[in-house]
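Have a look at the structure below, then the notes.
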Amino acid sequence: MPLGRLQPAQRHTAKVGHAVDLIARDFFDRPADEVAPALLGCVLEHETDEGLVAVELTEAEAYAGETDPASHAYRGMTGRNAVMFGPPGHAYVYFTYGMHFCVNVVCMPEGIARAVLLRAGRVVAGEPLARLRRGSRRAETGAPSVIPGRDLARGPARLCQALAIDRTQNGADFCSPASELRLRPADPGLQAGAAGAAGVPGAAGVPGAAGVPGVAAAAPAIEAGPRVGISAAADIPWRFWLADDPTVSAYRPYKGRSR
């Protein structure tokens, strides 16, 4: 389902790794299904003692708390999901299938549980470190396997692995310069309250021709469809992605296991 177009990102208006020009907290103080498409093109970065890895987001899913049977908060607050009920702009990190971590950004005012799952992105800084974290070895030879660049953060578990995100980051403040886990805007137009169809900045699109000096290339389209791997509310089109982007994960319907 096409939604609109994302303005061509004027990437890294602040140098990646310098905690300035972060997304303002009130950007997240609205419904998750508005925040999710607006996050496409934004940059998620995690700075650790090993170094910094940054990912430009290409796919996200919205979850609506107590009103959404697919949400972890559908049955109310627990020790696991308490961060979802907190103030907006914080990380909700959970462990799933006994092996993977997934990271969400909390939306809406404190007391209302809403979140956006960050599903996939393109590594734009720290690729050697991301490759080291995502690396595996071939069983037959022990030699390192080569992971295509598009697969480094393609899917929520891979994204967390590439960025070294685990439950330690649960509750981290994406909007604080002091935080090691940060979200920065894709372009100057992506600010809290920016206008656009379905919350997408520049949804009307930008005409132009790629490769022509002085003419902007057409902005990538944003599409929407059902969320991945859920059995309840499976038909709600709250998964958003950049059309034809190779880093977007493959859609998989529910197959007997809960999110």
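Just remember, in the structure tokens the first chain shown is A, the second B, etc., residues are 1-based per chain, and ligands are 1-based in the order shown.
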
When DSSP is applied to the backbone of this structure, which of segment 84-191 of chain A are assigned helix (DSSP H, G or I)? Write them out as a VMD selection string.
chain A and resid 84 to 85 127 to 134 149 to 151 156 to 163 167 to 169

Using only C-alpha atoms, find the one residue out of A:Pro156, A:Pro31, A:Gly225, A:Pro253 that sits nearest to Asn104 of chain A.
A:Pro156

Skip Gly121 of chain A itself and residues of its chain fewer than 4 positions away, then list as a VMD selection string all residues within 6 Å of it, counting only C-alpha atoms.
chain A and resid 55 to 58 153 247

Dump N, CA and C atoms for the selected residues as a CSV table (one decimal), in the first residue's frame?
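So result_9.csv came out as:
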```csv
chain,number,residue,atom,x,y,z
A,55,VAL,N,22.8,3.2,11.6
A,55,VAL,CA,22.0,2.6,10.6
A,55,VAL,C,20.9,3.6,10.2
A,56,GLU,N,20.7,3.8,8.9
A,56,GLU,CA,19.6,4.6,8.4
A,56,GLU,C,18.4,3.6,8.3
A,57,LEU,N,17.3,4.0,9.0
A,57,LEU,CA,16.2,3.1,9.1
A,57,LEU,C,15.4,3.0,7.8
A,58,THR,N,15.0,1.8,7.4
A,58,THR,CA,14.3,1.6,6.1
A,58,THR,C,13.0,0.8,6.4
A,153,ALA,N,21.9,-5.3,8.7
A,153,ALA,CA,20.8,-4.9,9.7
A,153,ALA,C,19.5,-5.1,9.1
A,247,THR,N,17.5,-3.4,1.8
A,247,THR,CA,17.7,-3.7,3.2
A,247,THR,C,16.4,-4.0,3.9
```

From the set A:Ala32, A:Ala164, A:Leu39, A:Val248, which residue has the shortest atom-to-atom contact distance to Ile112 of chain A, counting only C-alpha atoms?
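Among A:Ala32, A:Ala164, A:Leu39, A:Val248, it is A:Ala32 that comes nearest to Ile112 of chain A.
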
Residues within 7 Å of segment 166-169 of chain A, please, as a PyMOL selection string. Count only C-alpha atoms; anything in the same chain fewer than 2 positions from it doesn't count.
chain A and resi 91+93-94+101+164+171-172

Take the residues that were just selected and, keeping C-alpha atoms, output them as a compact mmCIF listing (two decimals), in the first residue's frame.
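As a result, part-v7.txt now contains:
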```
# COMPACT_ATOMS: atom_id res chain seq x y z
CA ALA A 91 14.08 2.36 24.06
CA VAL A 93 14.29 -3.73 24.23
CA TYR A 94 13.01 -7.29 24.57
CA PHE A 101 16.91 -8.90 20.89
CA ALA A 164 25.19 -4.40 19.90
CA GLY A 171 15.02 2.35 28.85
CA ALA A 172 17.82 4.26 27.10
```

Which residue is closest to Gly126 of chain A? Choose from A:Glu61, A:Glu180, A:Glu45, A:Glu110 and count only C-alpha atoms.
A:Glu45

If you measure from atom CA of Pro237 of chain A to atom CA of Glu223 of chain A, what distance in Å do you get, rounded to one decimal?
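Between atom CA of Pro237 of chain A and atom CA of Glu223 of chain A the gap works out to 9.5 Å.
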
Give me the residues near Met108 of chain A as a ChimeraX atom specification, where near means some atom within 8 Å (using only C-alpha atoms) and where sequence neighbours in that chain fewer than 6 positions away do not count.
/A:28-32,87-88,114

Please produce an output containing N, CA and C atoms for each residue in the selection, written as a PDB file, in the first residue's frame.
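Below you can see out-v1.pdb, which holds the result:
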```pdb
ATOM      1  N   PHE A  28       7.987  12.125  19.189  1.00  0.00           N
ATOM      2  CA  PHE A  28       7.458  10.802  19.535  1.00  0.00           C
ATOM      3  C   PHE A  28       6.164  10.871  20.338  1.00  0.00           C
ATOM      4  N   ASP A  29       5.729  12.068  20.696  1.00  0.00           N
ATOM      5  CA  ASP A  29       4.555  12.234  21.550  1.00  0.00           C
ATOM      6  C   ASP A  29       3.280  12.236  20.705  1.00  0.00           C
ATOM      7  N   ARG A  30       3.064  11.159  19.970  1.00  0.00           N
ATOM      8  CA  ARG A  30       1.906  11.004  19.081  1.00  0.00           C
ATOM      9  C   ARG A  30       1.735   9.523  18.784  1.00  0.00           C
ATOM     10  N   PRO A  31       0.657   9.118  18.099  1.00  0.00           N
ATOM     11  CA  PRO A  31       0.408   7.696  17.860  1.00  0.00           C
ATOM     12  C   PRO A  31       1.553   7.007  17.112  1.00  0.00           C
ATOM     13  N   ALA A  32       1.765   5.736  17.454  1.00  0.00           N
ATOM     14  CA  ALA A  32       2.866   4.976  16.872  1.00  0.00           C
ATOM     15  C   ALA A  32       2.736   4.824  15.362  1.00  0.00           C
ATOM     16  N   PRO A  87       7.733   7.706  29.508  1.00  0.00           N
ATOM     17  CA  PRO A  87       7.727   8.856  28.604  1.00  0.00           C
ATOM     18  C   PRO A  87       8.210   8.484  27.209  1.00  0.00           C
ATOM     19  N   PRO A  88       7.830   9.259  26.197  1.00  0.00           N
ATOM     20  CA  PRO A  88       8.213   8.945  24.820  1.00  0.00           C
ATOM     21  C   PRO A  88       9.700   9.160  24.585  1.00  0.00           C
ATOM     22  N   ARG A 114       2.580   2.805  23.795  1.00  0.00           N
ATOM     23  CA  ARG A 114       2.675   2.719  22.335  1.00  0.00           C
ATOM     24  C   ARG A 114       4.155   2.596  21.983  1.00  0.00           C
TER      25      ARG A 114
END
```
